[in-house]
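Structure data follow from structure07.cif (mmCIF, C-alpha atoms; chains and numbers go by the auth columns):
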data_upload
#
loop_
_atom_site.group_PDB
_atom_site.id
_atom_site.type_symbol
_atom_site.label_atom_id
_atom_site.label_comp_id
_atom_site.label_asym_id
_atom_site.label_seq_id
_atom_site.Cartn_x
_atom_site.Cartn_y
_atom_site.Cartn_z
_atom_site.B_iso_or_equiv
_atom_site.auth_seq_id
_atom_site.auth_asym_id
ATOM 1 C CA MET A 1 -37.840 -81.089 17.280 0.00 641 A
ATOM 2 C CA VAL A 2 -36.113 -77.810 16.364 0.00 642 A
ATOM 3 C CA TYR A 3 -38.397 -75.447 14.482 0.00 643 A
ATOM 4 C CA ARG A 4 -37.129 -74.470 11.048 0.00 644 A
ATOM 5 C CA ALA A 5 -38.708 -71.546 9.246 0.00 645 A
ATOM 6 C CA THR A 6 -40.064 -72.455 5.850 0.00 646 A
ATOM 7 C CA PRO A 7 -38.833 -70.574 2.747 0.00 647 A
ATOM 8 C CA LYS A 8 -42.188 -68.793 2.651 0.00 648 A
ATOM 9 C CA THR A 9 -41.824 -67.677 6.267 0.00 649 A
ATOM 10 C CA GLN A 10 -38.243 -66.545 5.683 0.00 650 A
ATOM 11 C CA ALA A 11 -39.302 -64.530 2.650 0.00 651 A
ATOM 12 C CA ARG A 12 -42.055 -62.874 4.659 0.00 652 A
ATOM 13 C CA GLN A 13 -39.620 -62.024 7.438 0.00 653 A
ATOM 14 C CA ARG A 14 -37.132 -60.523 4.965 0.00 654 A
ATOM 15 C CA ALA A 15 -39.896 -58.470 3.368 0.00 655 A
ATOM 16 C CA GLN A 16 -41.014 -57.166 6.749 0.00 656 A
ATOM 17 C CA ARG A 17 -37.439 -56.295 7.668 0.00 657 A
ATOM 18 C CA ASP A 18 -37.011 -54.410 4.389 0.00 658 A
ATOM 19 C CA GLN A 19 -40.248 -52.539 5.091 0.00 659 A
ATOM 20 C CA LEU A 20 -38.896 -51.406 8.428 0.00 660 A
ATOM 21 C CA LEU A 21 -35.607 -50.243 6.928 0.00 661 A
ATOM 22 C CA GLN A 22 -37.384 -48.330 4.168 0.00 662 A
ATOM 23 C CA ALA A 23 -39.745 -46.734 6.674 0.00 663 A
ATOM 24 C CA ALA A 24 -36.877 -45.736 8.968 0.00 664 A
ATOM 25 C CA ARG A 25 -34.858 -44.262 6.122 0.00 665 A
ATOM 26 C CA ALA A 26 -37.867 -42.277 4.901 0.00 666 A
ATOM 27 C CA LEU A 27 -38.382 -40.837 8.377 0.00 667 A
ATOM 28 C CA VAL A 28 -34.692 -39.944 8.697 0.00 668 A
ATOM 29 C CA ALA A 29 -34.825 -38.243 5.292 0.00 669 A
ATOM 30 C CA GLU A 30 -37.824 -36.216 6.451 0.00 670 A
ATOM 31 C CA GLY A 31 -36.790 -35.293 9.970 0.00 671 A
ATOM 32 C CA GLY A 32 -33.438 -36.826 10.860 0.00 672 A
ATOM 33 C CA PHE A 33 -32.787 -39.635 13.312 0.00 673 A
ATOM 34 C CA ALA A 34 -34.663 -37.695 15.977 0.00 674 A
ATOM 35 C CA ALA A 35 -37.882 -38.263 14.011 0.00 675 A
ATOM 36 C CA ALA A 36 -37.406 -42.019 13.665 0.00 676 A
ATOM 37 C CA SER A 37 -38.764 -43.423 16.913 0.00 677 A
ATOM 38 C CA ILE A 38 -39.553 -47.129 16.998 0.00 678 A
ATOM 39 C CA GLN A 39 -43.257 -46.341 17.130 0.00 679 A
ATOM 40 C CA ALA A 40 -42.999 -43.980 14.163 0.00 680 A
ATOM 41 C CA VAL A 41 -41.060 -46.552 12.151 0.00 681 A
ATOM 42 C CA ALA A 42 -43.585 -49.265 12.919 0.00 682 A
ATOM 43 C CA THR A 43 -46.488 -46.995 12.008 0.00 683 A
ATOM 44 C CA ARG A 44 -44.870 -45.963 8.725 0.00 684 A
ATOM 45 C CA ALA A 45 -44.172 -49.615 7.872 0.00 685 A
ATOM 46 C CA GLY A 46 -47.665 -50.734 8.873 0.00 686 A
ATOM 47 C CA ILE A 47 -46.232 -53.174 11.392 0.00 687 A
ATOM 48 C CA ALA A 48 -46.938 -53.621 15.108 0.00 688 A
ATOM 49 C CA THR A 49 -44.413 -51.841 17.294 0.00 689 A
ATOM 50 C CA GLY A 50 -43.469 -55.034 19.101 0.00 690 A
ATOM 51 C CA SER A 51 -42.640 -56.702 15.803 0.00 691 A
ATOM 52 C CA VAL A 52 -39.831 -54.237 15.177 0.00 692 A
ATOM 53 C CA TYR A 53 -37.782 -55.876 17.927 0.00 693 A
ATOM 54 C CA ARG A 54 -37.994 -59.259 16.227 0.00 694 A
ATOM 55 C CA HIS A 55 -35.788 -57.840 13.500 0.00 695 A
ATOM 56 C CA PHE A 56 -33.827 -55.219 15.420 0.00 696 A
ATOM 57 C CA PRO A 57 -33.236 -55.959 19.135 0.00 697 A
ATOM 58 C CA SER A 58 -32.574 -52.272 19.769 0.00 698 A
ATOM 59 C CA LYS A 59 -33.091 -48.887 18.181 0.00 699 A
ATOM 60 C CA ALA A 60 -29.313 -48.595 17.952 0.00 700 A
ATOM 61 C CA GLU A 61 -29.100 -51.620 15.656 0.00 701 A
ATOM 62 C CA LEU A 62 -31.863 -50.250 13.439 0.00 702 A
ATOM 63 C CA PHE A 63 -30.245 -46.825 13.239 0.00 703 A
ATOM 64 C CA VAL A 64 -26.790 -48.212 12.466 0.00 704 A
ATOM 65 C CA GLU A 65 -28.164 -50.262 9.584 0.00 705 A
ATOM 66 C CA VAL A 66 -30.155 -47.326 8.202 0.00 706 A
ATOM 67 C CA PHE A 67 -27.082 -45.129 8.442 0.00 707 A
ATOM 68 C CA ALA A 68 -24.877 -47.753 6.816 0.00 708 A
ATOM 69 C CA ASP A 69 -27.279 -48.354 3.930 0.00 709 A
ATOM 70 C CA ALA A 70 -27.738 -44.652 3.210 0.00 710 A
ATOM 71 C CA SER A 71 -24.037 -43.852 3.524 0.00 711 A
ATOM 72 C CA ALA A 72 -22.961 -46.793 1.380 0.00 712 A
ATOM 73 C CA HIS A 73 -25.274 -45.566 -1.357 0.00 713 A
ATOM 74 C CA GLU A 74 -23.731 -42.095 -1.213 0.00 714 A
ATOM 75 C CA VAL A 75 -20.169 -43.445 -1.283 0.00 715 A
ATOM 76 C CA GLN A 76 -20.991 -45.673 -4.256 0.00 716 A
ATOM 77 C CA THR A 77 -22.658 -42.803 -6.092 0.00 717 A
ATOM 78 C CA MET A 78 -19.626 -40.591 -5.541 0.00 718 A
ATOM 79 C CA ALA A 79 -17.244 -43.339 -6.673 0.00 719 A
ATOM 80 C CA HIS A 80 -19.332 -44.008 -9.771 0.00 720 A
ATOM 81 C CA ALA A 81 -19.364 -40.304 -10.656 0.00 721 A
ATOM 82 C CA ALA A 82 -15.552 -40.298 -10.610 0.00 722 A
ATOM 83 C CA GLN A 83 -15.274 -43.109 -13.149 0.00 723 A
ATOM 84 C CA GLY A 84 -14.804 -42.815 -16.897 0.00 724 A
ATOM 85 C CA HIS A 85 -13.144 -39.404 -17.034 0.00 725 A
ATOM 86 C CA ALA A 86 -10.207 -38.443 -19.225 0.00 726 A
ATOM 87 C CA ASN A 87 -8.062 -37.414 -16.278 0.00 727 A
ATOM 88 C CA ALA A 88 -7.928 -37.236 -12.498 0.00 728 A
ATOM 89 C CA THR A 89 -8.802 -33.541 -12.443 0.00 729 A
ATOM 90 C CA GLU A 90 -12.168 -34.224 -14.034 0.00 730 A
ATOM 91 C CA ALA A 91 -12.667 -37.263 -11.820 0.00 731 A
ATOM 92 C CA LEU A 92 -12.095 -35.152 -8.697 0.00 732 A
ATOM 93 C CA ARG A 93 -14.356 -32.419 -10.034 0.00 733 A
ATOM 94 C CA ALA A 94 -17.150 -34.935 -10.643 0.00 734 A
ATOM 95 C CA ALA A 95 -16.727 -36.603 -7.244 0.00 735 A
ATOM 96 C CA VAL A 96 -16.859 -33.340 -5.302 0.00 736 A
ATOM 97 C CA ARG A 97 -19.748 -31.904 -7.309 0.00 737 A
ATOM 98 C CA THR A 98 -21.733 -35.106 -6.910 0.00 738 A
ATOM 99 C CA TRP A 99 -21.261 -35.286 -3.154 0.00 739 A
ATOM 100 C CA ALA A 100 -22.033 -31.615 -2.555 0.00 740 A
ATOM 101 C CA SER A 101 -24.967 -31.447 -4.984 0.00 741 A
ATOM 102 C CA ARG A 102 -26.642 -34.536 -3.578 0.00 742 A
ATOM 103 C CA ALA A 103 -26.182 -33.254 -0.040 0.00 743 A
ATOM 104 C CA LEU A 104 -27.870 -29.966 -0.859 0.00 744 A
ATOM 105 C CA GLU A 105 -30.682 -31.678 -2.733 0.00 745 A
ATOM 106 C CA GLY A 106 -31.378 -34.074 0.147 0.00 746 A
ATOM 107 C CA GLN A 107 -30.676 -31.596 2.906 0.00 747 A
ATOM 108 C CA THR A 108 -32.245 -33.383 5.876 0.00 748 A
ATOM 109 C CA LEU A 109 -30.807 -36.792 5.097 0.00 749 A
ATOM 110 C CA ALA A 110 -27.386 -35.314 4.398 0.00 750 A
ATOM 111 C CA TYR A 111 -27.405 -33.450 7.723 0.00 751 A
ATOM 112 C CA ALA A 112 -28.356 -36.690 9.469 0.00 752 A
ATOM 113 C CA LEU A 113 -25.444 -38.495 7.826 0.00 753 A
ATOM 114 C CA ILE A 114 -22.882 -35.732 8.300 0.00 754 A
ATOM 115 C CA ALA A 115 -23.590 -33.796 11.474 0.00 755 A
ATOM 116 C CA GLU A 116 -26.779 -34.601 13.380 0.00 756 A
ATOM 117 C CA PRO A 117 -26.074 -35.432 17.049 0.00 757 A
ATOM 118 C CA VAL A 118 -26.546 -39.212 17.243 0.00 758 A
ATOM 119 C CA ILE A 119 -26.069 -42.142 19.585 0.00 759 A
ATOM 120 C CA PRO A 120 -22.492 -43.477 19.951 0.00 760 A
ATOM 121 C CA GLN A 121 -23.120 -46.536 17.759 0.00 761 A
ATOM 122 C CA VAL A 122 -24.193 -44.365 14.837 0.00 762 A
ATOM 123 C CA GLU A 123 -21.320 -41.959 15.439 0.00 763 A
ATOM 124 C CA ALA A 124 -18.937 -44.909 15.158 0.00 764 A
ATOM 125 C CA ALA A 125 -20.538 -45.845 11.837 0.00 765 A
ATOM 126 C CA ARG A 126 -20.183 -42.230 10.715 0.00 766 A
ATOM 127 C CA LEU A 127 -16.436 -42.381 11.313 0.00 767 A
ATOM 128 C CA ARG A 128 -16.168 -45.631 9.345 0.00 768 A
ATOM 129 C CA PHE A 129 -17.919 -44.098 6.368 0.00 769 A
ATOM 130 C CA ARG A 130 -15.791 -40.972 6.543 0.00 770 A
ATOM 131 C CA ARG A 131 -12.916 -43.331 5.840 0.00 771 A
ATOM 132 C CA ALA A 132 -14.833 -44.800 2.890 0.00 772 A
ATOM 133 C CA TYR A 133 -15.105 -41.325 1.340 0.00 773 A
ATOM 134 C CA VAL A 134 -11.397 -40.846 1.985 0.00 774 A
ATOM 135 C CA ASP A 135 -10.659 -44.100 0.145 0.00 775 A
ATOM 136 C CA VAL A 136 -12.522 -42.889 -2.952 0.00 776 A
ATOM 137 C CA LEU A 137 -10.628 -39.608 -2.981 0.00 777 A
ATOM 138 C CA ARG A 138 -7.298 -41.271 -2.233 0.00 778 A
ATOM 139 C CA THR A 139 -7.612 -43.320 -5.428 0.00 779 A
ATOM 140 C CA ILE A 140 -8.318 -40.196 -7.484 0.00 780 A
ATOM 141 C CA LEU A 141 -5.495 -38.207 -5.921 0.00 781 A
ATOM 142 C CA ARG A 142 -2.988 -41.003 -6.357 0.00 782 A
ATOM 143 C CA GLU A 143 -3.810 -41.223 -10.054 0.00 783 A
ATOM 144 C CA GLY A 144 -3.530 -37.454 -10.371 0.00 784 A
ATOM 145 C CA CYS A 145 -0.093 -37.453 -8.750 0.00 785 A
ATOM 146 C CA GLU A 146 1.095 -40.286 -10.987 0.00 786 A
ATOM 147 C CA ARG A 147 -0.052 -38.353 -14.063 0.00 787 A
ATOM 148 C CA GLY A 148 1.512 -35.108 -12.870 0.00 788 A
ATOM 149 C CA GLU A 149 -1.838 -33.337 -12.493 0.00 789 A
ATOM 150 C CA PHE A 150 -1.595 -32.996 -8.723 0.00 790 A
ATOM 151 C CA SER A 151 1.298 -32.237 -6.417 0.00 791 A
ATOM 152 C CA LEU A 152 0.817 -33.624 -2.904 0.00 792 A
ATOM 153 C CA PRO A 153 3.420 -34.506 -0.249 0.00 793 A
ATOM 154 C CA ASN A 154 0.957 -36.843 1.479 0.00 794 A
ATOM 155 C CA ILE A 155 -2.021 -38.260 -0.436 0.00 795 A
ATOM 156 C CA ASP A 156 -3.647 -39.764 2.654 0.00 796 A
ATOM 157 C CA VAL A 157 -3.620 -36.444 4.481 0.00 797 A
ATOM 158 C CA ALA A 158 -4.946 -34.606 1.422 0.00 798 A
ATOM 159 C CA ALA A 159 -7.822 -37.057 0.947 0.00 799 A
ATOM 160 C CA ALA A 160 -8.820 -36.808 4.604 0.00 800 A
ATOM 161 C CA ALA A 161 -8.525 -33.011 4.517 0.00 801 A
ATOM 162 C CA ILE A 162 -10.844 -32.748 1.509 0.00 802 A
ATOM 163 C CA VAL A 163 -13.466 -34.940 3.188 0.00 803 A
ATOM 164 C CA GLY A 164 -13.215 -32.856 6.348 0.00 804 A
ATOM 165 C CA ALA A 165 -13.406 -29.580 4.445 0.00 805 A
ATOM 166 C CA LEU A 166 -16.469 -30.653 2.479 0.00 806 A
ATOM 167 C CA ALA A 167 -18.276 -31.936 5.556 0.00 807 A
ATOM 168 C CA GLU A 168 -17.493 -28.799 7.556 0.00 808 A
ATOM 169 C CA ALA A 169 -18.456 -26.447 4.731 0.00 809 A
ATOM 170 C CA LEU A 170 -21.783 -28.221 4.256 0.00 810 A
ATOM 171 C CA VAL A 171 -22.819 -28.383 7.926 0.00 811 A
ATOM 172 C CA GLY A 172 -24.118 -24.810 7.990 0.00 812 A
ATOM 173 C CA PRO A 173 -26.127 -24.949 4.743 0.00 813 A
ATOM 174 C CA LEU A 174 -27.529 -28.348 5.694 0.00 814 A
ATOM 175 C CA SER A 175 -28.485 -27.484 9.254 0.00 815 A
ATOM 176 C CA PRO A 176 -32.199 -27.636 10.150 0.00 816 A
ATOM 177 C CA GLY A 177 -33.999 -24.402 9.436 0.00 817 A
ATOM 178 C CA ASP A 178 -31.447 -23.110 6.973 0.00 818 A
ATOM 179 C CA THR A 179 -32.859 -22.467 3.525 0.00 819 A
ATOM 180 C CA HIS A 180 -31.136 -21.772 0.250 0.00 820 A
ATOM 181 C CA ASP A 181 -32.278 -21.200 -3.305 0.00 821 A
ATOM 182 C CA ARG A 182 -31.056 -23.068 -6.367 0.00 822 A
ATOM 183 C CA HIS A 183 -28.666 -20.279 -7.310 0.00 823 A
ATOM 184 C CA ALA A 184 -27.073 -20.232 -3.857 0.00 824 A
ATOM 185 C CA ALA A 185 -26.740 -24.020 -3.856 0.00 825 A
ATOM 186 C CA ASP A 186 -25.104 -24.025 -7.288 0.00 826 A
ATOM 187 C CA ALA A 187 -22.706 -21.296 -6.190 0.00 827 A
ATOM 188 C CA LEU A 188 -21.733 -23.264 -3.083 0.00 828 A
ATOM 189 C CA VAL A 189 -21.087 -26.418 -5.107 0.00 829 A
ATOM 190 C CA SER A 190 -18.967 -24.409 -7.538 0.00 830 A
ATOM 191 C CA ASP A 191 -16.968 -22.803 -4.730 0.00 831 A
ATOM 192 C CA LEU A 192 -16.324 -26.127 -3.014 0.00 832 A
ATOM 193 C CA THR A 193 -15.226 -27.738 -6.264 0.00 833 A
ATOM 194 C CA HIS A 194 -12.903 -24.829 -7.009 0.00 834 A
ATOM 195 C CA PHE A 195 -11.405 -25.023 -3.522 0.00 835 A
ATOM 196 C CA CYS A 196 -10.714 -28.760 -3.757 0.00 836 A
ATOM 197 C CA LEU A 197 -9.117 -28.518 -7.182 0.00 837 A
ATOM 198 C CA GLN A 198 -7.008 -25.552 -6.155 0.00 838 A
ATOM 199 C CA ALA A 199 -5.856 -27.393 -3.034 0.00 839 A
ATOM 200 C CA VAL A 200 -4.292 -30.263 -4.986 0.00 840 A
ATOM 201 C CA THR A 201 -3.147 -28.609 -8.220 0.00 841 A
ATOM 202 C CA PRO A 202 0.389 -27.192 -8.522 0.00 842 A
ATOM 203 C CA SER A 203 0.259 -23.406 -8.467 0.00 843 A
ATOM 204 C CA GLU A 204 1.940 -23.161 -11.854 0.00 844 A
ATOM 205 C CA ARG A 205 -0.570 -25.529 -13.456 0.00 845 A
ATOM 206 C CA PRO A 206 -4.078 -24.225 -14.302 0.00 846 A
ATOM 207 C CA HIS A 207 -6.862 -26.392 -12.946 0.00 847 A
ATOM 208 C CA GLY A 208 -9.444 -25.294 -15.506 0.00 848 A
ATOM 209 C CA SER A 209 -12.740 -23.527 -15.068 0.00 849 A
ATOM 210 C CA ARG A 210 -15.041 -24.304 -12.208 0.00 850 A
#
Could you express the structure from this file as C-alpha coordinates?
Amino acid sequence: MVYRATPKTQARQRAQRDQLLQAARALVAEGGFAAASIQAVATRAGIATGSVYRHFPSKAELFVEVFADASAHEVQTMAHAAQGHANATEALRAAVRTWASRALEGQTLAYALIAEPVIPQVEAARLRFRRAYVDVLRTILREGCERGEFSLPNIDVAAAAIVGALAEALVGPLSPGDTHDRHAADALVSDLTHFCLQAVTPSERPHGSR
(Lines of atoms letter the chains of each structure in order from A and count residues from 1; the text may use other names and numbers.)
(Lines give C-alpha, C1' and ligand atoms only; values in the text may rest on other atoms or scores of the structure.)
Protein backbone atom coordinates (compact mmCIF):
# COMPACT_ATOMS: atom_id res chain seq x y z
CA MET A 1 0.00 0.00 0.00
CA VAL A 2 1.32 3.47 -0.90
CA TYR A 3 1.56 5.75 2.11
CA ARG A 4 -0.49 8.92 1.81
CA ALA A 5 0.13 11.77 4.22
CA THR A 6 -2.96 12.80 6.12
CA PRO A 7 -4.18 16.43 5.94
CA LYS A 8 -2.89 16.91 9.48
CA THR A 9 0.55 15.62 8.52
CA GLN A 10 0.63 17.79 5.40
CA ALA A 11 -0.31 20.86 7.43
CA ARG A 12 2.46 20.11 9.91
CA GLN A 13 4.97 19.71 7.11
CA ARG A 14 3.91 23.01 5.51
CA ALA A 15 4.20 24.76 8.87
CA GLN A 16 7.68 23.36 9.42
CA ARG A 17 8.72 24.41 5.93
CA ASP A 18 7.42 27.94 6.56
CA GLN A 19 9.36 28.02 9.83
CA LEU A 20 12.55 27.19 7.99
CA LEU A 21 11.97 29.86 5.36
CA GLN A 22 11.22 32.49 8.00
CA ALA A 23 14.29 31.50 9.98
CA ALA A 24 16.51 31.62 6.89
CA ARG A 25 15.18 35.00 5.83
CA ALA A 26 15.72 36.41 9.32
CA LEU A 27 19.32 35.21 9.29
CA VAL A 28 19.92 36.68 5.83
CA ALA A 29 18.44 39.99 7.00
CA GLU A 30 20.82 39.98 9.96
CA GLY A 31 24.03 38.79 8.35
CA GLY A 32 23.51 38.02 4.68
CA PHE A 33 23.51 34.61 3.03
CA ALA A 34 26.91 33.91 4.58
CA ALA A 35 25.24 33.82 8.01
CA ALA A 36 22.52 31.37 6.99
CA SER A 37 24.16 27.97 7.34
CA ILE A 38 21.87 24.95 7.45
CA GLN A 39 22.71 24.45 11.12
CA ALA A 40 21.96 28.09 11.92
CA VAL A 41 18.65 27.93 10.07
CA ALA A 42 17.63 24.76 11.87
CA THR A 43 18.59 26.22 15.24
CA ARG A 44 16.66 29.43 14.58
CA ALA A 45 13.61 27.43 13.48
CA GLY A 46 13.86 25.04 16.43
CA ILE A 47 14.10 22.07 14.08
CA ALA A 48 16.68 19.28 13.87
CA THR A 49 19.34 19.95 11.26
CA GLY A 50 18.59 16.72 9.41
CA SER A 51 14.95 17.73 9.06
CA VAL A 52 15.90 20.70 6.92
CA TYR A 53 16.81 18.36 4.07
CA ARG A 54 13.34 16.83 4.07
CA HIS A 55 12.05 20.15 2.80
CA PHE A 56 15.09 21.45 0.93
CA PRO A 57 17.40 18.79 -0.58
CA SER A 58 20.23 21.32 -0.73
CA LYS A 59 21.24 24.67 0.69
CA ALA A 60 21.03 26.05 -2.84
CA GLU A 61 17.31 25.27 -3.05
CA LEU A 62 16.68 26.89 0.32
CA PHE A 63 18.65 30.00 -0.61
CA VAL A 64 16.96 30.38 -3.99
CA GLU A 65 13.52 30.24 -2.38
CA VAL A 66 14.49 32.73 0.33
CA PHE A 67 15.91 35.05 -2.30
CA ALA A 68 12.84 34.69 -4.51
CA ASP A 69 10.41 35.36 -1.66
CA ALA A 70 12.28 38.43 -0.44
CA SER A 71 12.82 39.83 -3.93
CA ALA A 72 9.22 39.25 -4.98
CA HIS A 73 8.07 41.21 -1.95
CA GLU A 74 10.34 44.12 -2.88
CA VAL A 75 9.20 44.12 -6.51
CA GLN A 76 5.54 44.06 -5.44
CA THR A 77 6.11 46.87 -2.95
CA MET A 78 7.77 49.00 -5.61
CA ALA A 79 4.99 48.29 -8.12
CA HIS A 80 2.33 49.12 -5.54
CA ALA A 81 4.06 52.41 -4.69
CA ALA A 82 3.87 53.42 -8.36
CA GLN A 83 0.10 52.96 -8.54
CA GLY A 84 -2.59 55.60 -8.12
CA HIS A 85 -0.58 58.67 -9.10
CA ALA A 86 -1.80 61.52 -11.28
CA ASN A 87 0.97 61.06 -13.82
CA ALA A 88 3.95 58.92 -14.75
CA THR A 89 6.44 61.39 -13.30
CA GLU A 90 4.99 60.95 -9.83
CA ALA A 91 4.74 57.20 -10.35
CA LEU A 92 8.44 57.01 -11.23
CA ARG A 93 9.33 59.25 -8.30
CA ALA A 94 7.41 56.99 -5.91
CA ALA A 95 8.89 53.79 -7.35
CA VAL A 96 12.48 54.99 -7.10
CA ARG A 97 12.06 56.50 -3.63
CA THR A 98 10.41 53.34 -2.36
CA TRP A 99 13.12 51.04 -3.67
CA ALA A 100 16.00 53.19 -2.44
CA SER A 101 14.44 54.00 0.94
CA ARG A 102 13.61 50.39 1.72
CA ALA A 103 17.10 49.31 0.71
CA LEU A 104 18.71 51.79 3.07
CA GLU A 105 16.35 50.90 5.90
CA GLY A 106 17.02 47.17 5.53
CA GLN A 107 20.68 47.52 4.66
CA THR A 108 21.88 43.95 5.21
CA LEU A 109 18.99 42.28 3.43
CA ALA A 110 19.21 44.74 0.54
CA TYR A 111 22.94 44.08 0.14
CA ALA A 112 22.23 40.35 0.12
CA LEU A 113 19.64 40.80 -2.62
CA ILE A 114 21.63 43.26 -4.71
CA ALA A 115 25.34 42.57 -4.41
CA GLU A 116 26.46 39.94 -1.90
CA PRO A 117 28.67 37.27 -3.53
CA VAL A 118 26.40 34.21 -3.76
CA ILE A 119 26.25 30.73 -5.23
CA PRO A 120 25.45 30.48 -8.97
CA GLN A 121 21.84 29.38 -8.40
CA VAL A 122 21.09 32.49 -6.36
CA GLU A 123 22.93 34.69 -8.84
CA ALA A 124 20.67 33.32 -11.57
CA ALA A 125 17.63 34.22 -9.46
CA ARG A 126 19.10 37.69 -8.94
CA LEU A 127 19.23 38.22 -12.70
CA ARG A 128 15.61 37.09 -13.07
CA PHE A 129 14.45 39.57 -10.47
CA ARG A 130 16.48 42.36 -12.02
CA ARG A 131 14.24 41.82 -15.03
CA ALA A 132 11.17 42.01 -12.79
CA TYR A 133 12.25 45.47 -11.60
CA VAL A 134 12.83 46.44 -15.22
CA ASP A 135 9.28 45.34 -16.07
CA VAL A 136 7.82 47.63 -13.40
CA LEU A 137 9.81 50.60 -14.65
CA ARG A 138 9.10 49.81 -18.30
CA THR A 139 5.37 50.16 -17.64
CA ILE A 140 5.87 53.55 -15.98
CA LEU A 141 8.18 54.84 -18.70
CA ARG A 142 5.88 53.70 -21.48
CA GLU A 143 2.98 55.58 -19.92
CA GLY A 144 5.16 58.65 -19.48
CA CYS A 145 6.19 58.59 -23.14
CA GLU A 146 2.58 58.18 -24.26
CA ARG A 147 1.57 61.18 -22.16
CA GLY A 148 4.48 63.29 -23.37
CA GLU A 149 6.11 63.47 -19.94
CA PHE A 150 9.18 61.48 -20.95
CA SER A 151 11.25 61.42 -24.10
CA LEU A 152 13.05 58.11 -24.65
CA PRO A 153 14.34 56.54 -27.89
CA ASN A 154 14.29 53.07 -26.30
CA ILE A 155 12.10 52.38 -23.26
CA ASP A 156 13.57 48.94 -22.63
CA VAL A 157 17.11 50.29 -22.50
CA ALA A 158 16.05 53.17 -20.24
CA ALA A 159 14.28 50.86 -17.78
CA ALA A 160 17.28 48.54 -17.59
CA ALA A 161 19.65 51.49 -17.21
CA ILE A 162 17.68 52.90 -14.28
CA VAL A 163 17.69 49.53 -12.50
CA GLY A 164 21.43 49.21 -13.08
CA ALA A 165 22.11 52.76 -11.93
CA LEU A 166 20.11 52.34 -8.73
CA ALA A 167 21.73 49.01 -7.89
CA GLU A 168 25.23 50.33 -8.55
CA ALA A 169 24.66 53.54 -6.61
CA LEU A 170 23.36 51.61 -3.61
CA VAL A 171 26.10 48.97 -3.45
CA GLY A 172 28.54 51.23 -1.61
CA PRO A 173 26.11 52.57 1.01
CA LEU A 174 24.71 49.08 1.57
CA SER A 175 28.04 47.29 1.85
CA PRO A 176 28.84 45.62 5.20
CA GLY A 177 30.50 47.97 7.63
CA ASP A 178 29.31 51.13 5.94
CA THR A 179 27.19 53.33 8.17
CA HIS A 180 25.05 56.32 7.35
CA ASP A 181 22.79 58.61 9.33
CA ARG A 182 19.18 59.42 8.51
CA HIS A 183 20.12 62.72 6.90
CA ALA A 184 22.68 61.08 4.61
CA ALA A 185 20.21 58.35 3.65
CA ASP A 186 17.50 60.89 2.84
CA ALA A 187 19.96 62.90 0.75
CA LEU A 188 20.98 59.80 -1.20
CA VAL A 189 17.37 58.87 -1.91
CA SER A 190 16.69 62.42 -3.07
CA ASP A 191 19.74 62.44 -5.33
CA LEU A 192 18.86 59.10 -6.89
CA THR A 193 15.28 60.19 -7.50
CA HIS A 194 16.46 63.43 -9.08
CA PHE A 195 18.89 61.56 -11.32
CA CYS A 196 16.25 59.12 -12.56
CA LEU A 197 13.71 61.82 -13.30
CA GLN A 198 16.28 63.97 -15.05
CA ALA A 199 17.39 61.01 -17.16
CA VAL A 200 13.96 60.49 -18.72
CA THR A 201 12.50 64.01 -18.82
CA PRO A 202 12.97 66.21 -21.91
CA SER A 203 15.47 68.95 -21.16
CA GLU A 204 12.96 71.66 -21.99
CA ARG A 205 10.36 70.20 -19.62
CA PRO A 206 10.77 70.74 -15.85
CA HIS A 207 10.57 67.54 -13.84
CA GLY A 208 9.49 69.22 -10.61
CA SER A 209 11.16 69.37 -7.24
CA ARG A 210 12.97 66.42 -5.79
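Of the residues under consideration (A:Thr683, A:Thr833, A:Ser677, A:Ser711), A:Ser711 shows the shortest atom-to-atom contact distance to A:Leu767 when counting all atoms listed in the file.
Atom pair atom CA of A:Gln716 / atom CA of A:Val704 has a distance of 17.9 Å (rounded to one decimal).
With atom CA of A:Gly788 on one side and atom CA of A:Ala719 on the other, the separation reads 21.4 Å.
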For the file shown, what are the residues hit by the PyMOL selection byres ((chain A and resi 689-696) around 9), laid out as a PDB file with C-alpha atoms, keeping the file's coordinate frame?
ATOM      1  CA  GLN A 653     -39.620 -62.024   7.438  1.00  0.00           C
ATOM      2  CA  GLN A 656     -41.014 -57.166   6.749  1.00  0.00           C
ATOM      3  CA  ARG A 657     -37.439 -56.295   7.668  1.00  0.00           C
ATOM      4  CA  LEU A 660     -38.896 -51.406   8.428  1.00  0.00           C
ATOM      5  CA  ILE A 678     -39.553 -47.129  16.998  1.00  0.00           C
ATOM      6  CA  GLN A 679     -43.257 -46.341  17.130  1.00  0.00           C
ATOM      7  CA  ALA A 680     -42.999 -43.980  14.163  1.00  0.00           C
ATOM      8  CA  VAL A 681     -41.060 -46.552  12.151  1.00  0.00           C
ATOM      9  CA  ALA A 682     -43.585 -49.265  12.919  1.00  0.00           C
ATOM     10  CA  THR A 683     -46.488 -46.995  12.008  1.00  0.00           C
ATOM     11  CA  ILE A 687     -46.232 -53.174  11.392  1.00  0.00           C
ATOM     12  CA  ALA A 688     -46.938 -53.621  15.108  1.00  0.00           C
ATOM     13  CA  PRO A 697     -33.236 -55.959  19.135  1.00  0.00           C
ATOM     14  CA  SER A 698     -32.574 -52.272  19.769  1.00  0.00           C
ATOM     15  CA  LYS A 699     -33.091 -48.887  18.181  1.00  0.00           C
ATOM     16  CA  ALA A 700     -29.313 -48.595  17.952  1.00  0.00           C
ATOM     17  CA  GLU A 701     -29.100 -51.620  15.656  1.00  0.00           C
ATOM     18  CA  LEU A 702     -31.863 -50.250  13.439  1.00  0.00           C
TER      19      LEU A 702
END
Please expand the PyMOL selection byres ((chain A and resi 714) around 10) into the concrete residues it hits in this file, giving the result as a ChimeraX atom specification. /A:708-713,715-720,738-739,742-743,750,753,769,773
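Separating atom CA of A:Ala752 from atom CA of A:Gly671 is a distance of 8.6 Å.
Each of A:Ala726, A:Leu661, A:Leu777, A:Leu732 was checked against A:Ala799 using all atoms listed in the file; the smallest atom-to-atom distance is that of A:Leu777.
Using all atoms listed in the file for every distance, the candidate list A:Ala735, A:Ala721, A:Val774, A:Val811 yields A:Val811 as the residue closest to A:Glu756.
Proximity to A:Arg771 was assessed for A:Ile802, A:Ile759, A:Pro793, A:Gly746 counting all atoms listed in the file; the smallest distance is recorded for A:Ile802.
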The PyMOL selection byres ((chain A and resi 840) around 12) resolved against shown file, as a VMD selection string: chain A and resid 728 to 729 732 to 733 777 to 778 780 to 782 784 to 785 788 to 795 797 to 799 801 to 802 833 to 839 841 to 847
Could you pull out every residue with an atom within 9 Å of (-15.5, -27.9, -0.7), file coordinates, counting only C-alpha atoms, and send them as a ChimeraX atom specification? /A:736-737,740,802-810,828-836
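Comparing the minimum interatomic distances between A:Arg768 and each of A:Phe707, A:Gly686, A:Gln723, A:Asp658, counting only C-alpha atoms, we find that A:Phe707 sits nearest.
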